[in-house]
Amino acid sequence: MRIIFLGPPGAGKGTQAKLIVKDFHIRQLSTGDLLRENRRQETELGKEAQGFMDAGNLVPDDVILRMVAEEFRKPELDPGYILDGFPRTCPQADGLDQILKDSAIKLDHVLVLEVPDSELVRRLTARRSCPKCGHIYNLVFNPPEQEGICDYDGSELIHRSDDTEATVKNRLEVYQKQTLPLIEHYNKQGLIRHIDGMGNVQDIYQRIKAALT
Ligand code: AMP
């Protein structure tokens with residue numbers, strides 16, 4: 001199964017993608033995670049992306065498309081994947097269409113996780129994540145057992161540098177302007193499935209599962 005996951009930052013794409021990956025035995029490909037890994041390892045790509053990310057702006061399309069094309073060459077993605085945070089602009093969607101066309105592969109679904117803006121700001125500013133296993137916590141409704149420590153591997157949790165209130169507002173605007181038009185792009189292909197992203201993690205996941213089966 002090949003899925004694209006659309007939705008504003010903080011909608012819960014990362015959390016839900018991890019559940020889908022387990023259930024459907026496919027891979028998660030998160031461009032945000034790939035970029036953060038490049039930054040940690042201080043690669044050229046990481047250095048190039050840094051300023052855009054910290055301001056809550058998008059990294060240029062050519063950088064993203066190069067990075068993604070490289071990932072698609074890996075056999076790990078053969079059983080299927082969920083694209084989390086990609087594509088985010090029309091040129092990226094066109095680039096992806098081309099990559100898929102070249103390998104005669106079709107997408108199965110495009111999920112759009114919907115959450116009101118006021119709730120997104122609340123979620124994002126309280127978000128913490130484990131730099132080691134990637135588990136995502138929320139200080140308000142899903143805190144770790146011990147403050148600041150990952151329940152699974154004991155690592156110190158981090159607050160992403162782009163999860164501050166000012167940056168979050170910019171990221172939401174960027175989503176509205178640059179990513180929302182993709183719904184029309186994929187609507188034309190008959191792939192869009194709208195999912196209500198409010199409620200608890202399991203309830204939302206059941207809605208996703210119903211849309212995928
Ligand atoms: P995310 O973890 O998906 O919220 O992404 C964090 C940041 O990485 C975004 O605010 C962008 O600066 C950058 N980023 C991630 N994916 C993309 C993409 N597909 N296109 C451009 N920038 C991206």
# chains A, B, ... in the order shown; residues from 1 in each chain; ligands from 1
>>> closest_atom_pairs(of="chain A", to="ligand 1", cutoff="7 Å", atoms="only C-alpha atoms and all ligand atoms", output="CSV")
residue,atom,partner,partner_atom_place_in_ligand_line,distance
A:Pro9,CA,ligand 1,4 (O),5.3
A:Ser30,CA,ligand 1,3 (O),6.6
A:Thr31,CA,ligand 1,16 (N),4.4
A:Gly32,CA,ligand 1,2 (O),3.6
A:Asp33,CA,ligand 1,2 (O),5.9
A:Leu35,CA,ligand 1,8 (O),6.3
A:Phe52,CA,ligand 1,12 (O),5.3
A:Met53,CA,ligand 1,12 (O),3.5
A:Asp54,CA,ligand 1,12 (O),7.0
A:Gly56,CA,ligand 1,10 (O),4.6
A:Asn57,CA,ligand 1,12 (O),4.8
A:Leu58,CA,ligand 1,22 (N),3.7
A:Val59,CA,ligand 1,22 (N),3.9
A:Pro60,CA,ligand 1,21 (C),6.0
A:Asp61,CA,ligand 1,20 (N),6.2
A:Ile64,CA,ligand 1,20 (N),5.8
A:Asp84,CA,ligand 1,3 (O),6.7
A:Gly85,CA,ligand 1,3 (O),4.4
A:Phe86,CA,ligand 1,19 (N),4.0
A:Pro87,CA,ligand 1,19 (N),4.9
A:Arg88,CA,ligand 1,19 (N),4.8
A:Arg171,CA,ligand 1,10 (O),6.1
>>> write_last_selection(atoms="N, CA, C and O atoms", output="compact mmCIF listing (two decimals), in the first residue's frame")
# COMPACT_ATOMS: atom_id res chain seq x y z
N PRO A 9 0.88 21.00 10.27
CA PRO A 9 1.80 20.59 11.33
C PRO A 9 1.03 20.47 12.64
O PRO A 9 0.20 21.32 12.95
N SER A 30 9.37 10.19 6.34
CA SER A 30 9.09 11.55 6.80
C SER A 30 10.22 12.47 6.37
O SER A 30 11.36 12.30 6.81
N THR A 31 9.90 13.44 5.51
CA THR A 31 10.97 14.35 5.05
C THR A 31 11.47 15.21 6.22
O THR A 31 12.64 15.54 6.29
N GLY A 32 10.57 15.54 7.16
CA GLY A 32 10.99 16.31 8.34
C GLY A 32 12.02 15.52 9.16
O GLY A 32 13.06 16.06 9.56
N ASP A 33 11.75 14.21 9.37
CA ASP A 33 12.70 13.37 10.12
C ASP A 33 14.03 13.26 9.37
O ASP A 33 15.11 13.32 9.97
N LEU A 35 15.33 15.39 7.29
CA LEU A 35 16.05 16.67 7.39
C LEU A 35 16.67 16.84 8.77
O LEU A 35 17.83 17.26 8.89
N PHE A 52 15.86 27.55 6.84
CA PHE A 52 14.46 27.48 6.41
C PHE A 52 13.62 26.84 7.51
O PHE A 52 12.54 27.30 7.84
N MET A 53 14.14 25.75 8.08
CA MET A 53 13.38 25.00 9.08
C MET A 53 13.15 25.84 10.34
O MET A 53 12.05 25.90 10.87
N ASP A 54 14.20 26.50 10.81
CA ASP A 54 14.07 27.26 12.06
C ASP A 54 13.10 28.43 11.93
O ASP A 54 12.49 28.84 12.91
N GLY A 56 10.45 28.20 10.08
CA GLY A 56 9.13 27.63 9.79
C GLY A 56 8.78 27.71 8.31
O GLY A 56 7.63 27.56 7.93
N ASN A 57 9.80 27.96 7.47
CA ASN A 57 9.57 28.01 6.02
C ASN A 57 9.92 26.67 5.39
O ASN A 57 10.58 25.83 6.01
N LEU A 58 9.51 26.51 4.13
CA LEU A 58 9.80 25.24 3.46
C LEU A 58 11.21 25.25 2.89
O LEU A 58 11.70 26.27 2.41
N VAL A 59 11.82 24.09 2.93
CA VAL A 59 13.13 23.89 2.30
C VAL A 59 12.87 23.86 0.79
O VAL A 59 11.84 23.33 0.34
N PRO A 60 13.77 24.42 -0.05
CA PRO A 60 13.50 24.48 -1.50
C PRO A 60 13.17 23.12 -2.13
O PRO A 60 13.72 22.09 -1.73
N ASP A 61 12.26 23.18 -3.10
CA ASP A 61 11.76 21.95 -3.72
C ASP A 61 12.87 21.07 -4.29
O ASP A 61 12.81 19.84 -4.18
N ILE A 64 14.51 18.99 -1.60
CA ILE A 64 13.61 17.94 -1.12
C ILE A 64 13.49 16.82 -2.15
O ILE A 64 13.58 15.63 -1.82
N ASP A 84 5.02 11.09 4.86
CA ASP A 84 4.59 11.98 5.94
C ASP A 84 5.35 13.30 5.79
O ASP A 84 6.56 13.34 5.98
N GLY A 85 4.61 14.34 5.39
CA GLY A 85 5.27 15.65 5.22
C GLY A 85 5.82 15.88 3.82
O GLY A 85 6.53 16.85 3.59
N PHE A 86 5.50 15.01 2.92
CA PHE A 86 5.89 15.14 1.50
C PHE A 86 4.80 14.51 0.65
O PHE A 86 4.33 13.44 1.00
N PRO A 87 4.40 15.11 -0.46
CA PRO A 87 4.81 16.42 -0.96
C PRO A 87 4.13 17.55 -0.19
O PRO A 87 3.11 17.34 0.44
N ARG A 88 4.72 18.74 -0.27
CA ARG A 88 4.16 19.90 0.44
C ARG A 88 3.90 21.07 -0.49
O ARG A 88 3.37 22.08 -0.04
N ARG A 171 4.28 28.35 10.18
CA ARG A 171 4.16 27.03 9.55
C ARG A 171 2.71 26.76 9.12
O ARG A 171 2.46 26.15 8.08
>>> select_by_dssp(residues="stretch 88-208 of chain A", states="alpha helix (DSSP H)", output="VMD selection string")
chain A and resid 90 to 102 117 to 125 165 to 174 181 to 187 201 to 208
>>> residues_around(residues="A:Asn142", least_positions_apart="6", cutoff="10 Å", atoms="only C-alpha atoms", output="VMD selection string")
chain A and resid 126 to 128 136 200 to 201
>>> write_last_selection(atoms="all heavy atoms", output="compact mmCIF listing (two decimals), in the first residue's frame")
# COMPACT_ATOMS: atom_id res chain seq x y z
N ALA A 126 3.12 22.38 23.03
CA ALA A 126 3.29 21.44 24.14
C ALA A 126 3.91 20.11 23.69
O ALA A 126 3.99 19.16 24.44
CB ALA A 126 1.93 21.16 24.79
N ARG A 127 4.36 20.06 22.45
CA ARG A 127 4.90 18.80 21.91
C ARG A 127 6.34 18.59 22.35
O ARG A 127 7.15 19.51 22.36
CB ARG A 127 4.81 18.83 20.39
CG ARG A 127 5.38 17.60 19.72
CD ARG A 127 4.86 17.46 18.31
NE ARG A 127 5.53 18.32 17.36
CZ ARG A 127 5.32 18.26 16.05
NH1 ARG A 127 4.44 17.41 15.55
NH2 ARG A 127 5.95 19.07 15.23
N ARG A 128 6.66 17.37 22.72
CA ARG A 128 8.04 16.99 23.02
C ARG A 128 8.29 15.67 22.31
O ARG A 128 7.37 14.86 22.16
CB ARG A 128 8.27 16.78 24.53
CG ARG A 128 8.01 18.02 25.41
CD ARG A 128 9.04 19.12 25.17
NE ARG A 128 8.81 20.28 26.02
CZ ARG A 128 7.98 21.28 25.75
NH1 ARG A 128 7.28 21.26 24.63
NH2 ARG A 128 7.84 22.29 26.58
N ILE A 136 6.46 10.54 20.17
CA ILE A 136 6.00 11.93 20.35
C ILE A 136 5.08 12.01 21.57
O ILE A 136 4.16 11.21 21.72
CB ILE A 136 5.26 12.42 19.08
CG1 ILE A 136 6.21 12.33 17.87
CG2 ILE A 136 4.76 13.84 19.26
CD1 ILE A 136 5.51 12.32 16.54
N ASN A 200 -9.22 11.14 20.66
CA ASN A 200 -8.01 10.45 21.13
C ASN A 200 -7.34 9.65 20.01
O ASN A 200 -7.96 9.36 18.97
CB ASN A 200 -8.27 9.65 22.42
CG ASN A 200 -9.02 8.38 22.15
OD1 ASN A 200 -8.71 7.65 21.21
ND2 ASN A 200 -10.04 8.10 22.95
N VAL A 201 -6.09 9.32 20.25
CA VAL A 201 -5.24 8.70 19.21
C VAL A 201 -5.89 7.46 18.61
O VAL A 201 -5.92 7.28 17.39
CB VAL A 201 -3.85 8.37 19.81
CG1 VAL A 201 -3.02 7.53 18.87
CG2 VAL A 201 -3.11 9.65 20.17
>>> closest_residue(among="A:Leu34, A:Ile4, A:Ile82, A:Leu113", to="A:Tyr205", atoms="only C-alpha atoms")
A:Leu113
>>> closest_residue(among="A:Arg39, A:His135, A:His159, A:Lys101", to="A:Gln16", atoms="only C-alpha atoms")
A:His135
>>> closest_residue(among="A:Gly154, A:Gly190, A:Pro8, A:Pro144", to="A:Asp108", atoms="only C-alpha atoms")
A:Gly190
>>> closest_residue(among="A:Cys90, A:Ala49, A:Ile192, A:Met1", to="A:Tyr175", atoms="only C-alpha atoms")
A:Cys90
>>> residues_around(residues="A:His109", least_positions_apart="3", cutoff="12 Å", atoms="only C-alpha atoms", output="list in words")
Met1, Arg2, Ile3, Ile4, Phe5, Leu6, Gly80, Tyr81, Ile82, Leu83, Lys106, Val112, Ile183, Tyr186, Asn187, Gln189, Gly190, Leu191, Ile192, Arg193, His194, Ile195, Ile208, Lys209, Ala211, Leu212 and Thr213 of chain A
>>> write_last_selection(atoms="N, CA, C and O atoms", output="short mmCIF file (atom, residue, chain, number, x, y, z; two decimals), in the first residue's frame")
data_model
loop_
_atom_site.label_atom_id
_atom_site.label_comp_id
_atom_site.auth_asym_id
_atom_site.auth_seq_id
_atom_site.Cartn_x
_atom_site.Cartn_y
_atom_site.Cartn_z
N MET A 1 0.84 -1.19 0.00
CA MET A 1 0.00 0.00 0.00
C MET A 1 0.88 1.26 0.00
O MET A 1 1.88 1.32 0.69
N ARG A 2 0.47 2.23 -0.81
CA ARG A 2 1.24 3.48 -0.89
C ARG A 2 0.32 4.65 -0.57
O ARG A 2 -0.69 4.84 -1.26
N ILE A 3 0.70 5.38 0.48
CA ILE A 3 -0.19 6.42 1.00
C ILE A 3 0.56 7.73 1.12
O ILE A 3 1.74 7.76 1.48
N ILE A 4 -0.14 8.83 0.85
CA ILE A 4 0.38 10.16 1.20
C ILE A 4 -0.44 10.65 2.38
O ILE A 4 -1.66 10.48 2.41
N PHE A 5 0.26 11.27 3.35
CA PHE A 5 -0.41 11.80 4.53
C PHE A 5 -0.33 13.32 4.49
O PHE A 5 0.75 13.89 4.68
N LEU A 6 -1.45 13.99 4.21
CA LEU A 6 -1.47 15.45 4.24
C LEU A 6 -2.13 15.89 5.55
O LEU A 6 -2.91 15.16 6.14
N GLY A 80 5.77 -1.01 0.38
CA GLY A 80 4.81 0.10 0.48
C GLY A 80 5.31 1.15 1.45
O GLY A 80 6.30 0.93 2.15
N TYR A 81 4.63 2.29 1.45
CA TYR A 81 5.09 3.38 2.32
C TYR A 81 3.98 4.37 2.61
O TYR A 81 2.96 4.41 1.90
N ILE A 82 4.21 5.14 3.66
CA ILE A 82 3.37 6.29 3.93
C ILE A 82 4.27 7.52 3.90
O ILE A 82 5.27 7.58 4.64
N LEU A 83 3.95 8.46 3.04
CA LEU A 83 4.75 9.68 2.92
C LEU A 83 4.20 10.70 3.90
O LEU A 83 3.02 11.09 3.80
N LYS A 106 1.45 3.15 -8.71
CA LYS A 106 0.30 4.03 -8.43
C LYS A 106 0.11 4.19 -6.92
O LYS A 106 0.36 3.27 -6.16
N VAL A 112 -6.12 13.13 4.39
CA VAL A 112 -6.00 14.52 4.85
C VAL A 112 -6.51 14.57 6.29
O VAL A 112 -7.70 14.39 6.54
N ILE A 183 -4.67 19.27 -2.23
CA ILE A 183 -5.92 18.49 -2.10
C ILE A 183 -6.61 18.46 -3.47
O ILE A 183 -7.09 17.41 -3.91
N TYR A 186 -4.78 16.01 -5.87
CA TYR A 186 -5.07 14.59 -5.67
C TYR A 186 -6.56 14.27 -5.78
O TYR A 186 -6.93 13.12 -6.00
N ASN A 187 -7.41 15.29 -5.61
CA ASN A 187 -8.83 15.09 -5.83
C ASN A 187 -9.08 14.69 -7.28
O ASN A 187 -9.89 13.81 -7.56
N GLN A 189 -7.22 13.01 -9.01
CA GLN A 189 -6.83 11.60 -9.19
C GLN A 189 -7.76 10.67 -8.40
O GLN A 189 -7.53 9.47 -8.34
N GLY A 190 -8.76 11.24 -7.72
CA GLY A 190 -9.74 10.44 -6.97
C GLY A 190 -9.17 9.77 -5.72
O GLY A 190 -9.68 8.72 -5.28
N LEU A 191 -8.12 10.35 -5.13
CA LEU A 191 -7.42 9.65 -4.04
C LEU A 191 -7.69 10.22 -2.64
O LEU A 191 -7.28 9.62 -1.65
N ILE A 192 -8.35 11.36 -2.57
CA ILE A 192 -8.47 12.07 -1.27
C ILE A 192 -9.44 11.38 -0.30
O ILE A 192 -10.55 11.01 -0.67
N ARG A 193 -8.98 11.19 0.96
CA ARG A 193 -9.84 10.69 2.04
C ARG A 193 -9.70 11.66 3.22
O ARG A 193 -8.60 11.76 3.80
N HIS A 194 -10.75 12.38 3.57
CA HIS A 194 -10.70 13.33 4.69
C HIS A 194 -10.89 12.58 6.00
O HIS A 194 -11.78 11.74 6.12
N ILE A 195 -10.04 12.90 6.98
CA ILE A 195 -10.13 12.24 8.30
C ILE A 195 -10.25 13.32 9.37
O ILE A 195 -9.43 14.25 9.42
N ILE A 208 -8.99 6.24 10.37
CA ILE A 208 -8.02 6.07 9.28
C ILE A 208 -8.12 4.66 8.71
O ILE A 208 -8.17 4.45 7.50
N LYS A 209 -8.19 3.69 9.61
CA LYS A 209 -8.25 2.29 9.18
C LYS A 209 -9.49 2.04 8.31
O LYS A 209 -9.42 1.36 7.28
N ALA A 211 -10.91 4.18 6.47
CA ALA A 211 -10.72 4.80 5.17
C ALA A 211 -9.76 4.02 4.28
O ALA A 211 -9.81 4.11 3.06
N LEU A 212 -8.88 3.23 4.91
CA LEU A 212 -7.86 2.51 4.14
C LEU A 212 -8.35 1.12 3.69
O LEU A 212 -7.71 0.50 2.83
N THR A 213 -9.42 0.64 4.33
CA THR A 213 -9.83 -0.74 3.99
C THR A 213 -11.18 -0.78 3.27
O THR A 213 -11.82 0.21 3.06
#
